[in-house]
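Each remark here refers to the structure printed beneath this line.
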Amino acid sequence: VQLQASGGGLVQAGDSLKLSCEASGRPFSNYAMGWFRQAPGKEREFVAAISRSGRKTGYADSVKGRFTISRDNAKNTVYLQMDTLKPEDTAVYYCAADFAYGSGSLYYTPHVGDYDYWGQGTQVTVSS
């Protein structure tokens with residue numbers, strides 16, 4: 001699976017951004033999808049994940065209530081709507097795919113090591 005993330009940019013605190021990640025190469029509906037981020041000098045951390053069907057989602061506590069993950073299996077795309085952005089959200093954001101066929105349509109994982117494919121990352125910078 002090839003993943004192409006887009007939508008990052010420079011915004012002010014309180015603004016919104018919507019990230020997109022388009023997949024190609026394998027049946028998209030076989031994969032649970034996740035968004036992760038990595039700030040300078042820090043480890044890559046979980047942001048949000050969504051099951052193959054899109055019916056189950058999970059979020060890091062730091063973004064719960066502000067970020068929304070969704071997917072459109074017909075368009076092979078997963079999205080991350082980010083509202084009320086804070087300077088501490090500044091990071092490179094990565095989308096990732098976890099082959100989950102056979103794990104149930106409600107399965108997703110927050111663990112970095114469980115993901116099989118990664119996109120190239122898109123920079124999000126939030127100024128105060």
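Quick note on naming: the chains in the structure tokens go A, B, ... in the order shown, residues restart at 1 in each chain, and ligands are numbered from 1 in order of appearance.
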Using only C-alpha atoms, determine which residues lie at most 12 Å from Lys75 (chain A), disregarding the query and same-chain residues fewer than 3 positions distant; provide the list as a list in words.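 Within the cut-off, the hits are Ser20, Cys21, Glu22, Ala23, Ser24, Pro27, Phe28, Ser29, Ser70, Arg71, Asp72, Val78 and Tyr79 of chain A.
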Any idea what's packed within 12 Å of Gly25 (chain A), counting only C-alpha atoms, ignoring anything in its chain fewer than 4 positions away? Could you give it as JSON, numbers by chain? {"A": [1, 2, 3, 4, 29, 30, 31, 76, 97, 117]}
Residue contacts of Asp61 (chain A) (10 Å, only C-alpha atoms) excluding same-chain residues fewer than 6 positions away, as a VMD selection string: chain A and resid 46 to 48
I need the residues from that last selection saved to file as a tab-separated table (two decimals), in the first residue's frame (with N, CA, C and O atoms), if you can.
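The resulting out39.tsv:
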```tsv
chain	number	residue	atom	x	y	z
A	46	PHE	N	0.66	8.23	18.93
A	46	PHE	CA	-0.68	7.98	18.39
A	46	PHE	C	-1.55	9.22	18.48
A	46	PHE	O	-1.53	9.92	19.50
A	47	VAL	N	-2.32	9.46	17.43
A	47	VAL	CA	-3.29	10.56	17.41
A	47	VAL	C	-4.72	10.02	17.32
A	47	VAL	O	-5.55	10.32	18.16
A	48	ALA	N	-4.98	9.21	16.29
A	48	ALA	CA	-6.33	8.70	16.08
A	48	ALA	C	-6.26	7.48	15.18
A	48	ALA	O	-5.31	7.32	14.41
```
Interatomic distance, CA of Glu88 (chain A) to CA of Ile50 (chain A) (Å, one decimal):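 About the pair CA of Glu88 (chain A) and CA of Ile50 (chain A): they are 22.9 Å apart.
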Could you jot down the CA of Val92 (chain A) to CA of Pro40 (chain A) separation for me, Å, one decimal place?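 Atom-to-atom, CA of Val92 (chain A) and CA of Pro40 (chain A) are spaced 8.6 Å apart.
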Going by DSSP on the backbone, which residues of chain A come out as strand (DSSP E or B)? List them as number ranges by chain. A: 2-6, 9-12, 17-24, 31-38, 45-50, 57-59, 67-72, 77-82, 91-99, 117-118, 122-127
Grab the CA of Thr84 (chain A) to CA of Gly7 (chain A) distance for me, in Å with one decimal place. 16.0 Å
Using only C-alpha atoms, can you tell me which of A:Lys18, A:Lys64, A:Arg44, A:Lys56 comes closest to Val124 (chain A)? A:Lys18
Find the residues around Asp89 (chain A) up to 10 Å (only C-alpha atoms counted), leave out those fewer than 3 positions away in its own chain, and share them as a PyMOL selection string. chain A and resi 13+37-39+62-63+82+84-86+92-93+124-127
Write out as a VMD selection string which residues come within 10 Å of Ala32 (chain A) when counting only C-alpha atoms, dropping same-chain ones fewer than 3 positions away. chain A and resid 28 to 29 49 to 54 56 to 57 71 78 96 to 101 103 to 109 115
Kindly indicate which residue among A:His111, A:Trp35, A:Leu80, A:Gln120 lies nearest to Leu19 (chain A), using only C-alpha atoms for the distances.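 Going through A:His111, A:Trp35, A:Leu80, A:Gln120 one by one, the smallest distance to Leu19 (chain A) is for A:Leu80.
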